[in-house]
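Here is protein.txt, consisting of compact mmCIF, N, CA and C atoms:
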```
# COMPACT_ATOMS: atom_id res chain seq x y z
N MET A 1 -38.94 -78.77 -24.64
CA MET A 1 -38.28 -78.54 -23.36
C MET A 1 -38.50 -77.09 -22.95
N THR A 2 -39.01 -76.91 -21.78
CA THR A 2 -39.17 -75.59 -21.21
C THR A 2 -37.91 -75.25 -20.42
N LYS A 3 -37.41 -74.05 -20.61
CA LYS A 3 -36.22 -73.64 -19.88
C LYS A 3 -36.51 -73.61 -18.38
N ASN A 4 -35.58 -74.16 -17.59
CA ASN A 4 -35.76 -74.13 -16.15
C ASN A 4 -34.49 -73.72 -15.41
N MET A 5 -33.54 -73.09 -16.14
CA MET A 5 -32.29 -72.64 -15.53
C MET A 5 -32.09 -71.16 -15.81
N GLY A 6 -31.79 -70.42 -14.76
CA GLY A 6 -31.54 -69.00 -14.89
C GLY A 6 -30.08 -68.72 -15.22
N THR A 7 -29.77 -67.45 -15.44
CA THR A 7 -28.42 -67.03 -15.82
C THR A 7 -27.41 -67.33 -14.73
N ALA A 8 -27.75 -67.05 -13.49
CA ALA A 8 -26.82 -67.30 -12.39
C ALA A 8 -26.51 -68.79 -12.26
N ASP A 9 -27.52 -69.60 -12.41
CA ASP A 9 -27.36 -71.06 -12.32
C ASP A 9 -26.44 -71.56 -13.44
N LYS A 10 -26.66 -71.07 -14.66
CA LYS A 10 -25.82 -71.47 -15.78
C LYS A 10 -24.37 -71.03 -15.58
N THR A 11 -24.18 -69.83 -15.07
CA THR A 11 -22.83 -69.31 -14.84
C THR A 11 -22.09 -70.14 -13.81
N VAL A 12 -22.76 -70.49 -12.72
CA VAL A 12 -22.13 -71.31 -11.67
C VAL A 12 -21.76 -72.68 -12.23
N ARG A 13 -22.63 -73.27 -13.03
CA ARG A 13 -22.35 -74.58 -13.62
C ARG A 13 -21.14 -74.53 -14.56
N ILE A 14 -21.04 -73.48 -15.35
CA ILE A 14 -19.90 -73.34 -16.26
C ILE A 14 -18.61 -73.19 -15.47
N ILE A 15 -18.63 -72.39 -14.41
CA ILE A 15 -17.43 -72.19 -13.58
C ILE A 15 -17.02 -73.51 -12.94
N ILE A 16 -17.98 -74.25 -12.40
CA ILE A 16 -17.67 -75.55 -11.79
C ILE A 16 -17.11 -76.51 -12.84
N ALA A 17 -17.66 -76.49 -14.05
CA ALA A 17 -17.18 -77.37 -15.11
C ALA A 17 -15.75 -77.01 -15.50
N LEU A 18 -15.43 -75.73 -15.57
CA LEU A 18 -14.07 -75.31 -15.90
C LEU A 18 -13.08 -75.74 -14.82
N ILE A 19 -13.47 -75.60 -13.57
CA ILE A 19 -12.60 -76.03 -12.47
C ILE A 19 -12.40 -77.54 -12.51
N ALA A 20 -13.47 -78.28 -12.76
CA ALA A 20 -13.38 -79.74 -12.82
C ALA A 20 -12.48 -80.17 -13.98
N ALA A 21 -12.62 -79.53 -15.13
CA ALA A 21 -11.77 -79.87 -16.27
C ALA A 21 -10.31 -79.57 -15.97
N TYR A 22 -10.06 -78.44 -15.32
CA TYR A 22 -8.68 -78.11 -14.94
C TYR A 22 -8.10 -79.15 -13.99
N LEU A 23 -8.89 -79.55 -12.99
CA LEU A 23 -8.41 -80.55 -12.03
C LEU A 23 -8.10 -81.88 -12.71
N TYR A 24 -8.90 -82.25 -13.70
CA TYR A 24 -8.65 -83.51 -14.40
C TYR A 24 -7.42 -83.40 -15.30
N PHE A 25 -7.38 -82.37 -16.14
CA PHE A 25 -6.30 -82.27 -17.12
C PHE A 25 -4.96 -81.89 -16.50
N SER A 26 -4.96 -81.31 -15.30
CA SER A 26 -3.70 -81.00 -14.63
C SER A 26 -3.17 -82.22 -13.86
N GLY A 27 -3.99 -83.26 -13.77
CA GLY A 27 -3.57 -84.47 -13.09
C GLY A 27 -3.80 -84.44 -11.59
N THR A 28 -4.49 -83.42 -11.10
CA THR A 28 -4.78 -83.33 -9.67
C THR A 28 -5.72 -84.44 -9.23
N ILE A 29 -6.72 -84.74 -10.06
CA ILE A 29 -7.65 -85.82 -9.77
C ILE A 29 -7.58 -86.82 -10.92
N PRO A 30 -6.73 -87.84 -10.80
CA PRO A 30 -6.57 -88.80 -11.89
C PRO A 30 -7.48 -90.01 -11.75
N GLY A 31 -7.41 -90.91 -12.70
CA GLY A 31 -8.09 -92.19 -12.63
C GLY A 31 -9.59 -92.11 -12.79
N THR A 32 -10.25 -93.05 -12.14
CA THR A 32 -11.71 -93.17 -12.27
C THR A 32 -12.43 -91.94 -11.74
N TRP A 33 -11.99 -91.43 -10.60
CA TRP A 33 -12.63 -90.23 -10.05
C TRP A 33 -12.48 -89.04 -10.98
N GLY A 34 -11.35 -88.95 -11.65
CA GLY A 34 -11.13 -87.88 -12.60
C GLY A 34 -12.07 -87.98 -13.79
N ILE A 35 -12.27 -89.20 -14.28
CA ILE A 35 -13.18 -89.40 -15.40
C ILE A 35 -14.62 -89.10 -15.00
N VAL A 36 -15.01 -89.52 -13.81
CA VAL A 36 -16.36 -89.21 -13.31
C VAL A 36 -16.54 -87.69 -13.20
N LEU A 37 -15.53 -87.01 -12.69
CA LEU A 37 -15.58 -85.56 -12.56
C LEU A 37 -15.69 -84.90 -13.93
N LEU A 38 -14.97 -85.41 -14.91
CA LEU A 38 -15.02 -84.86 -16.26
C LEU A 38 -16.39 -85.08 -16.90
N VAL A 39 -17.00 -86.23 -16.68
CA VAL A 39 -18.34 -86.50 -17.21
C VAL A 39 -19.36 -85.54 -16.59
N VAL A 40 -19.25 -85.32 -15.29
CA VAL A 40 -20.15 -84.37 -14.61
C VAL A 40 -19.95 -82.97 -15.19
N ALA A 41 -18.71 -82.60 -15.46
CA ALA A 41 -18.43 -81.29 -16.04
C ALA A 41 -19.07 -81.16 -17.43
N ILE A 42 -18.99 -82.22 -18.22
CA ILE A 42 -19.60 -82.19 -19.55
C ILE A 42 -21.12 -82.06 -19.45
N VAL A 43 -21.72 -82.77 -18.50
CA VAL A 43 -23.17 -82.66 -18.29
C VAL A 43 -23.54 -81.24 -17.86
N PHE A 44 -22.74 -80.64 -16.98
CA PHE A 44 -23.00 -79.27 -16.55
C PHE A 44 -22.95 -78.30 -17.73
N VAL A 45 -21.97 -78.46 -18.61
CA VAL A 45 -21.86 -77.57 -19.76
C VAL A 45 -23.05 -77.76 -20.70
N LEU A 46 -23.40 -79.00 -20.98
CA LEU A 46 -24.52 -79.25 -21.89
C LEU A 46 -25.84 -78.71 -21.34
N THR A 47 -26.10 -78.94 -20.06
CA THR A 47 -27.34 -78.43 -19.48
C THR A 47 -27.34 -76.90 -19.44
N SER A 48 -26.19 -76.31 -19.29
CA SER A 48 -26.11 -74.84 -19.31
C SER A 48 -26.37 -74.29 -20.70
N LEU A 49 -25.88 -74.97 -21.71
CA LEU A 49 -26.09 -74.51 -23.08
C LEU A 49 -27.56 -74.57 -23.51
N VAL A 50 -28.28 -75.58 -23.06
CA VAL A 50 -29.68 -75.70 -23.45
C VAL A 50 -30.64 -75.10 -22.41
N SER A 51 -30.11 -74.63 -21.29
CA SER A 51 -30.91 -74.01 -20.22
C SER A 51 -31.98 -74.94 -19.66
N PHE A 52 -31.68 -76.22 -19.66
CA PHE A 52 -32.65 -77.21 -19.16
C PHE A 52 -31.92 -78.28 -18.37
N CYS A 53 -32.42 -78.54 -17.17
CA CYS A 53 -31.86 -79.59 -16.33
C CYS A 53 -32.97 -80.60 -16.03
N PRO A 54 -32.82 -81.83 -16.51
CA PRO A 54 -33.85 -82.85 -16.26
C PRO A 54 -34.08 -83.11 -14.77
N LEU A 55 -33.04 -83.04 -13.97
CA LEU A 55 -33.18 -83.26 -12.54
C LEU A 55 -34.06 -82.18 -11.91
N TYR A 56 -33.94 -80.95 -12.38
CA TYR A 56 -34.79 -79.87 -11.87
C TYR A 56 -36.26 -80.17 -12.14
N THR A 57 -36.55 -80.77 -13.28
CA THR A 57 -37.93 -81.12 -13.61
C THR A 57 -38.49 -82.14 -12.63
N LEU A 58 -37.67 -83.13 -12.29
CA LEU A 58 -38.12 -84.16 -11.35
C LEU A 58 -38.36 -83.59 -9.96
N ILE A 59 -37.50 -82.65 -9.55
CA ILE A 59 -37.60 -82.08 -8.22
C ILE A 59 -38.62 -80.93 -8.17
N GLY A 60 -38.86 -80.29 -9.33
CA GLY A 60 -39.80 -79.19 -9.38
C GLY A 60 -39.16 -77.84 -9.19
N ILE A 61 -37.88 -77.72 -9.50
CA ILE A 61 -37.15 -76.46 -9.34
C ILE A 61 -37.14 -75.71 -10.67
N ASN A 62 -37.28 -74.38 -10.60
CA ASN A 62 -37.18 -73.53 -11.78
C ASN A 62 -36.45 -72.26 -11.37
N THR A 63 -35.21 -72.09 -11.85
CA THR A 63 -34.42 -70.90 -11.52
C THR A 63 -34.43 -69.90 -12.67
N CYS A 64 -35.25 -70.12 -13.66
CA CYS A 64 -35.26 -69.30 -14.86
C CYS A 64 -35.81 -67.91 -14.63
N GLY A 65 -36.78 -67.77 -13.79
CA GLY A 65 -37.39 -66.46 -13.56
C GLY A 65 -38.61 -66.23 -14.41
N VAL A 66 -38.80 -67.02 -15.45
CA VAL A 66 -40.00 -66.92 -16.29
C VAL A 66 -41.04 -67.85 -15.70
N LYS A 67 -42.17 -67.29 -15.34
CA LYS A 67 -43.21 -68.10 -14.72
C LYS A 67 -43.97 -68.88 -15.77
N LYS A 68 -44.34 -70.10 -15.40
CA LYS A 68 -45.15 -70.92 -16.28
C LYS A 68 -46.58 -70.41 -16.28
N THR A 69 -47.21 -70.44 -17.44
CA THR A 69 -48.61 -70.01 -17.49
C THR A 69 -49.52 -71.14 -17.84
```

Structure re-expressed in structure tokens:
Amino acid sequence: MTKNMGTADKTVRIIIALIAAYLYFSGTIPGTWGIVLLVVAIVFVLTSLVSFCPLYTLIGINTCGVKKT
């Protein structure tokens, strides 16, 4: 896997995941929508930890800053 996520992208994803987790665990967004939001938050955290987003590969986006050679 080639890294395709930059630091700013990872930071934004982590912040969004934290907000989503707070909304779910505080009961603001309950039920099915809350679970969907929590799953998206988990995916955001995992992709941030490995610096790779499969969707970016399909679309052709690279926010990493390291050019492919």

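Within a radius of 12 Å around (-33.7, -79.3, -18.2), the polymer residues are A:Met1, A:Thr2, A:Lys3, A:Asn4, A:Met5, A:Gly6, A:Asp9, A:Lys10, A:Val43, A:Phe44, A:Leu46, A:Thr47, A:Ser48, A:Leu49, A:Val50, A:Ser51, A:Phe52, A:Cys53, A:Pro54, A:Leu55, A:Tyr56, A:Thr57, A:Leu58, A:Ile59, A:Gly60, A:Ile61, A:Asn62, A:Thr63, A:Cys64, counting only C-alpha atoms.
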
- Option closest in space to Leu37 (chain A), from A:Thr7, A:Gly65, A:Ala20, A:Ile14 [counting only C-alpha atoms]: A:Ala20

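Atom C of Gly27 (chain A) to atom N of Ala8 (chain A) spans 29.7 Å [interatomic distance, one decimal].
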
- Between atom C of Ile42 (chain A) and atom N of Ala17 (chain A), what is the distance, to one decimal in Å? 8.5 Å

Would you place a box with edges along x, y and z of the file around all atoms of region 27-31 of chain A listed there, add 3 Å to each of its six sides, and report the centre and edge lengths in Å to one decimal, as lines of an AutoDock Vina configuration file?
```
center_x = -6.6
center_y = -87.7
center_z = -11.5
size_x = 12.0
size_y = 14.9
size_z = 10.5
```

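Going from CA of Gly31 (chain A) to atom C of Val12 (chain A) covers 23.8 Å.
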
- Could you give me, as JSON, numbers by chain, each residue of region 4-62 of chain A that DSSP assigns to helix (DSSP H, G or I) when run on this structure's backbone? {"A": [7, 8, 9, 10, 11, 12, 13, 14, 15, 16, 17, 18, 19, 20, 21, 22, 23, 24, 25, 31, 32, 33, 34, 35, 36, 37, 38, 39, 40, 41, 42, 43, 44, 45, 46, 47, 48, 49, 50, 54, 55, 56, 57, 58, 59]}

- Query: So which residues touch Tyr24 (chain A) within 12 Å, counting only C-alpha atoms, skipping near sequence neighbours fewer than 4 positions away, as a ChimeraX atom specification?
  - Reply: /A:17-20,28-41
